[in-house]
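**Q** Sharing run_27.cif below, mmCIF, C-alpha atoms:
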```cif
data_protein
loop_
_atom_site.group_PDB
_atom_site.id
_atom_site.type_symbol
_atom_site.label_atom_id
_atom_site.label_comp_id
_atom_site.auth_asym_id
_atom_site.auth_seq_id
_atom_site.Cartn_x
_atom_site.Cartn_y
_atom_site.Cartn_z
ATOM 1 C CA MET A 1 -29.520 -28.824 72.056
ATOM 2 C CA GLN A 2 -27.453 -28.695 68.877
ATOM 3 C CA SER A 3 -28.514 -30.411 65.732
ATOM 4 C CA SER A 4 -26.271 -33.105 64.316
ATOM 5 C CA GLU A 5 -25.473 -30.788 61.408
ATOM 6 C CA ALA A 6 -24.166 -28.076 63.722
ATOM 7 C CA THR A 7 -22.171 -30.587 65.737
ATOM 8 C CA SER A 8 -20.474 -32.039 62.681
ATOM 9 C CA GLU A 9 -19.577 -28.555 61.469
ATOM 10 C CA THR A 10 -17.992 -27.476 64.743
ATOM 11 C CA SER A 11 -16.110 -30.631 65.605
ATOM 12 C CA SER A 12 -13.452 -32.110 63.418
ATOM 13 C CA PRO A 13 -11.969 -35.559 63.719
ATOM 14 C CA ALA A 14 -8.317 -35.753 64.658
ATOM 15 C CA GLU A 15 -6.102 -36.220 61.635
ATOM 16 C CA ALA A 16 -4.219 -39.479 61.559
ATOM 17 C CA PRO A 17 -0.466 -39.051 61.799
ATOM 18 C CA ILE A 18 1.481 -39.130 58.557
ATOM 19 C CA ARG A 19 3.621 -42.267 58.404
ATOM 20 C CA VAL A 20 7.024 -41.370 56.985
ATOM 21 C CA THR A 21 9.625 -43.595 55.352
ATOM 22 C CA VAL A 22 13.113 -42.289 54.657
ATOM 23 C CA LEU A 23 15.126 -44.322 52.170
ATOM 24 C CA GLY A 24 18.836 -44.056 52.893
ATOM 25 C CA GLY A 25 20.768 -44.637 56.088
ATOM 26 C CA GLY A 26 23.567 -42.145 55.415
ATOM 27 C CA SER A 27 24.144 -39.037 57.494
ATOM 28 C CA TRP A 28 21.536 -36.796 55.812
ATOM 29 C CA GLY A 29 18.809 -39.448 55.485
ATOM 30 C CA THR A 30 19.317 -40.452 59.120
ATOM 31 C CA THR A 31 19.194 -36.834 60.277
ATOM 32 C CA VAL A 32 15.973 -36.112 58.399
ATOM 33 C CA ALA A 33 14.425 -39.340 59.744
ATOM 34 C CA HIS A 34 15.466 -38.286 63.269
ATOM 35 C CA LEU A 35 13.779 -34.897 62.796
ATOM 36 C CA CYS A 36 10.598 -36.437 61.395
ATOM 37 C CA ALA A 37 10.432 -38.929 64.272
ATOM 38 C CA HIS A 38 9.914 -35.998 66.658
ATOM 39 C CA ASN A 39 6.590 -35.295 64.929
ATOM 40 C CA THR A 40 5.238 -38.481 63.392
ATOM 41 C CA PRO A 41 5.867 -42.247 63.094
ATOM 42 C CA THR A 42 9.034 -42.627 61.020
ATOM 43 C CA VAL A 43 10.890 -45.575 59.540
ATOM 44 C CA LEU A 44 14.399 -45.385 58.132
ATOM 45 C CA TRP A 45 15.329 -47.936 55.483
ATOM 46 C CA ALA A 46 19.005 -48.836 55.243
ATOM 47 C CA ARG A 47 20.712 -51.634 53.334
ATOM 48 C CA ASP A 48 23.291 -52.258 56.030
ATOM 49 C CA GLU A 49 22.021 -54.655 58.714
ATOM 50 C CA ALA A 50 24.513 -53.321 61.269
ATOM 51 C CA THR A 51 23.168 -49.777 60.767
ATOM 52 C CA VAL A 52 19.599 -50.988 61.229
ATOM 53 C CA ALA A 53 20.542 -52.868 64.412
ATOM 54 C CA SER A 54 22.497 -49.910 65.796
ATOM 55 C CA ILE A 55 19.571 -47.530 65.277
ATOM 56 C CA ASN A 56 16.974 -49.908 66.708
ATOM 57 C CA GLU A 57 19.023 -51.120 69.676
ATOM 58 C CA ARG A 58 21.113 -48.086 70.659
ATOM 59 C CA HIS A 59 19.478 -45.151 68.795
ATOM 60 C CA VAL A 60 22.753 -44.306 67.035
ATOM 61 C CA ASN A 61 23.930 -44.609 63.437
ATOM 62 C CA THR A 62 27.467 -45.710 64.303
ATOM 63 C CA LYS A 63 28.538 -45.863 60.661
ATOM 64 C CA TYR A 64 27.767 -42.232 59.751
ATOM 65 C CA LEU A 65 26.842 -40.325 62.897
ATOM 66 C CA ASP A 66 28.621 -42.028 65.768
ATOM 67 C CA GLY A 67 28.167 -40.159 69.022
ATOM 68 C CA TYR A 68 24.877 -38.492 68.034
ATOM 69 C CA GLU A 69 21.800 -39.885 69.745
ATOM 70 C CA LEU A 70 18.742 -40.378 67.547
ATOM 71 C CA HIS A 71 15.108 -39.995 68.519
ATOM 72 C CA PRO A 72 14.043 -43.103 70.470
ATOM 73 C CA ASP A 73 10.869 -43.531 68.389
ATOM 74 C CA LEU A 74 12.803 -43.754 65.105
ATOM 75 C CA LYS A 75 12.617 -47.287 63.733
ATOM 76 C CA ALA A 76 14.971 -48.739 61.154
ATOM 77 C CA THR A 77 14.515 -51.653 58.767
ATOM 78 C CA ASN A 78 16.168 -53.289 55.806
ATOM 79 C CA ASP A 79 12.824 -54.635 54.538
ATOM 80 C CA PHE A 80 12.406 -52.319 51.552
ATOM 81 C CA ALA A 81 8.971 -53.565 50.463
ATOM 82 C CA ALA A 82 7.396 -53.205 53.905
ATOM 83 C CA ALA A 83 8.913 -49.769 54.482
ATOM 84 C CA VAL A 84 7.651 -48.392 51.177
ATOM 85 C CA ALA A 85 4.229 -50.069 51.077
ATOM 86 C CA ASP A 86 3.202 -48.773 54.497
ATOM 87 C CA THR A 87 4.070 -45.097 54.127
ATOM 88 C CA ASP A 88 2.148 -41.874 53.614
ATOM 89 C CA LEU A 89 5.269 -39.894 52.673
ATOM 90 C CA LEU A 90 8.336 -41.296 50.949
ATOM 91 C CA ILE A 91 11.569 -39.353 51.436
ATOM 92 C CA MET A 92 14.448 -40.376 49.206
ATOM 93 C CA GLY A 93 17.821 -39.800 50.834
ATOM 94 C CA VAL A 94 19.904 -42.131 48.697
ATOM 95 C CA PRO A 95 22.931 -40.945 46.688
ATOM 96 C CA THR A 96 22.343 -39.732 43.138
ATOM 97 C CA GLY A 97 24.100 -42.790 41.700
ATOM 98 C CA ALA A 98 21.512 -45.112 43.271
ATOM 99 C CA PHE A 99 18.538 -42.767 42.980
ATOM 100 C CA ARG A 100 16.902 -44.062 39.784
ATOM 101 C CA GLU A 101 17.314 -47.721 40.742
ATOM 102 C CA THR A 102 15.825 -47.043 44.185
ATOM 103 C CA ALA A 103 12.902 -45.070 42.732
ATOM 104 C CA ARG A 104 12.235 -47.839 40.227
ATOM 105 C CA GLU A 105 12.183 -50.404 43.045
ATOM 106 C CA ALA A 106 9.893 -48.173 45.140
ATOM 107 C CA ALA A 107 7.399 -47.992 42.258
ATOM 108 C CA LYS A 108 6.621 -51.680 42.814
ATOM 109 C CA TYR A 109 5.266 -51.012 46.322
ATOM 110 C CA LEU A 110 4.310 -47.339 46.667
ATOM 111 C CA ARG A 111 0.646 -46.352 46.503
ATOM 112 C CA PRO A 112 -0.173 -43.917 43.653
ATOM 113 C CA TRP A 113 -1.105 -40.858 45.741
ATOM 114 C CA VAL A 114 1.870 -40.894 48.151
ATOM 115 C CA PRO A 115 4.108 -37.801 47.911
ATOM 116 C CA VAL A 116 7.798 -38.397 47.169
ATOM 117 C CA VAL A 117 10.385 -35.909 48.443
ATOM 118 C CA SER A 118 14.039 -35.885 47.394
ATOM 119 C CA LEU A 119 16.890 -35.010 49.733
ATOM 120 C CA ALA A 120 19.567 -35.540 47.087
ATOM 121 C CA LYS A 121 21.378 -32.632 45.524
ATOM 122 C CA GLY A 122 22.926 -32.913 42.115
ATOM 123 C CA PHE A 123 22.207 -34.454 38.752
ATOM 124 C CA GLU A 124 22.050 -37.958 37.374
ATOM 125 C CA GLN A 125 25.278 -38.833 35.639
ATOM 126 C CA GLY A 126 24.716 -39.331 31.920
ATOM 127 C CA SER A 127 21.223 -37.846 31.625
ATOM 128 C CA GLY A 128 21.869 -34.632 33.575
ATOM 129 C CA LEU A 129 18.394 -34.914 35.144
ATOM 130 C CA ARG A 130 17.534 -33.537 38.578
ATOM 131 C CA MET A 131 16.344 -36.090 41.152
ATOM 132 C CA THR A 132 12.809 -34.641 41.009
ATOM 133 C CA GLN A 133 12.750 -35.360 37.278
ATOM 134 C CA ILE A 134 13.771 -38.952 37.957
ATOM 135 C CA ILE A 135 10.934 -39.241 40.480
ATOM 136 C CA GLU A 136 8.499 -37.975 37.842
ATOM 137 C CA GLN A 137 9.760 -40.615 35.402
ATOM 138 C CA GLU A 138 9.971 -43.589 37.761
ATOM 139 C CA LEU A 139 7.104 -42.763 40.137
ATOM 140 C CA PRO A 140 4.523 -41.042 37.918
ATOM 141 C CA SER A 141 1.192 -39.705 39.213
ATOM 142 C CA ARG A 142 2.605 -38.853 42.616
ATOM 143 C CA PRO A 143 3.205 -35.415 44.108
ATOM 144 C CA VAL A 144 6.930 -34.663 43.789
ATOM 145 C CA GLY A 145 9.043 -32.412 45.925
ATOM 146 C CA LEU A 146 12.357 -31.667 47.483
ATOM 147 C CA LEU A 147 13.728 -30.609 50.830
ATOM 148 C CA THR A 148 16.801 -28.455 50.577
ATOM 149 C CA GLY A 149 18.785 -25.931 52.494
ATOM 150 C CA PRO A 150 22.279 -25.068 53.686
ATOM 151 C CA ASN A 151 22.346 -27.725 56.394
ATOM 152 C CA LEU A 152 24.936 -30.099 57.783
ATOM 153 C CA ALA A 153 23.711 -33.306 59.430
ATOM 154 C CA LYS A 154 26.021 -33.203 62.451
ATOM 155 C CA GLU A 155 25.278 -29.534 63.149
ATOM 156 C CA ILE A 156 21.541 -30.255 63.165
ATOM 157 C CA LEU A 157 21.941 -33.269 65.452
ATOM 158 C CA ALA A 158 24.076 -31.149 67.782
ATOM 159 C CA GLY A 159 21.157 -28.711 68.053
ATOM 160 C CA GLY A 160 22.559 -25.965 65.849
ATOM 161 C CA PRO A 161 20.327 -23.607 63.892
ATOM 162 C CA ALA A 162 18.971 -24.862 60.595
ATOM 163 C CA GLY A 163 16.685 -23.749 57.843
ATOM 164 C CA ALA A 164 15.245 -25.621 54.908
ATOM 165 C CA VAL A 165 12.671 -25.247 52.197
ATOM 166 C CA ILE A 166 10.175 -27.902 51.190
ATOM 167 C CA ALA A 167 8.802 -27.500 47.708
ATOM 168 C CA LEU A 168 6.167 -29.761 46.176
ATOM 169 C CA THR A 169 4.199 -29.792 42.976
ATOM 170 C CA GLU A 170 1.016 -29.339 45.037
ATOM 171 C CA LEU A 171 0.938 -26.433 47.519
ATOM 172 C CA HIS A 172 -1.716 -27.905 49.829
ATOM 173 C CA ILE A 173 0.426 -31.016 50.316
ATOM 174 C CA ALA A 174 3.532 -28.924 51.034
ATOM 175 C CA GLU A 175 1.584 -27.015 53.678
ATOM 176 C CA ARG A 176 0.401 -30.265 55.286
ATOM 177 C CA LEU A 177 3.935 -31.669 55.343
ATOM 178 C CA GLN A 178 5.482 -28.647 57.063
ATOM 179 C CA SER A 179 4.474 -30.102 60.430
ATOM 180 C CA VAL A 180 6.419 -33.273 59.641
ATOM 181 C CA PHE A 181 9.682 -31.371 59.181
ATOM 182 C CA THR A 182 9.269 -28.695 61.877
#
```
With the file now loaded, output its structure as structure tokens.

**A**
Amino acid sequence: MQSSEATSETSSPAEAPIRVTVLGGGSWGTTVAHLCAHNTPTVLWARDEATVASINERHVNTKYLDGYELHPDLKATNDFAAAVADTDLLIMGVPTGAFRETAREAAKYLRPWVPVVSLAKGFEQGSGLRMTQIIEQELPSRPVGLLTGPNLAKEILAGGPAGAVIALTELHIAERLQSVFT
């Protein structure tokens, strides 16, 4: 008979799935949400009610990716507060022009320890800051990262080859998140 100490050392509880929220219902945000939904519960936030309805009812983003079927478990919403407050990983796929405003709004609802990953390439007009720098300013005390690579949304949805790099300020978190994006 094993002691309770030995049993607790050899058995490990199952890790709860990481709940993902992707902000941005454009082609790249939708594609990343679709990929994440294969591995973990994922919500896509979009401003456009028609986009939300199309994703939830027909599993298609008719505005940006018409003809490409999305994962059936992907859920969409236009309730920003609920989407952000209930996530374990926030992925920001909004355009650079709306990035700071969206991050500032997210700060009202996002728990302090939740990692924030940027999908946006480019710099903020006026300040010249990278999107990760904006995250650090608007969402302080959270792990910050980015997902980048030479990818095209429609090619990925069509099943073409893709490669990307996820980089975060904390290596152990980046390693844990690899399974979300695989």

**Q** Might you spell out which residues the PyMOL selection byres ((chain A and resi 84) around 12) would select in the displayed file, as an NGL selection string?

**A** :A and (19-23 or 42-45 or 77-83 or 85-92 or 102-112 or 114-116)

**Q** For each of A:Lys121, A:Lys75, A:Arg58, A:His38, take the minimum atom-to-atom distance to Gly25 in chain A, counting only C-alpha atoms, then give the residue where this is smallest.

**A**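 Of A:Lys121, A:Lys75, A:Arg58, A:His38, the one nearest Gly25 in chain A, counting only C-alpha atoms, is A:Lys75.
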
**Q** To verify the selection step, state as a PyMOL selection string which residues the PyMOL selection byres ((chain A and resi 138) around 8) yields on this input.

**A** chain A and resi 100+103-104+107+134-137+139-140

**Q** Using all atoms listed in the file, which of the listed residues (A:Asn151, A:Thr169, A:Ala164, A:Ser54) sits closest to Thr132 in chain A?

**A**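 Residue with the minimum atom-to-atom distance to Thr132 in chain A: A:Thr169.
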
**Q** If I take CA of Arg130 in chain A and CA of Pro41 in chain A, how far is one from the other in Å, to one decimal?

**A**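 Computing the Euclidean distance for CA of Arg130 in chain A and CA of Pro41 in chain A yields 28.5 Å.
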
**Q** Counting all atoms listed in the file, which residue out of A:Gly163, A:Gly67, A:Gly128, A:Gly29 sits closest to Gly149 in chain A?

**A**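 Under the stated criterion, the closest residue is A:Gly163.
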
**Q** Find, counting all atoms listed in the file, the residue in A:Ala37, A:Leu65, A:Ala16, A:Val94 that gets nearest to Val180 in chain A.

**A**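 For Val180 in chain A, the nearest of the given residues is A:Ala37.
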
**Q** Quick check, in Å to one decimal: how far apart do CA of Glu49 in chain A and CA of Ser118 in chain A lie?

**A**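 Computing the Euclidean distance for CA of Glu49 in chain A and CA of Ser118 in chain A yields 23.3 Å.
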
**Q** Restricting the calculation to all atoms listed in the file: of A:Ser141, A:Ile156, A:Lys63, A:Ala174, which residue gets closest to Val117 in chain A?

**A**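 Using all atoms listed in the file, the shortest distance to Val117 in chain A belongs to A:Ala174.
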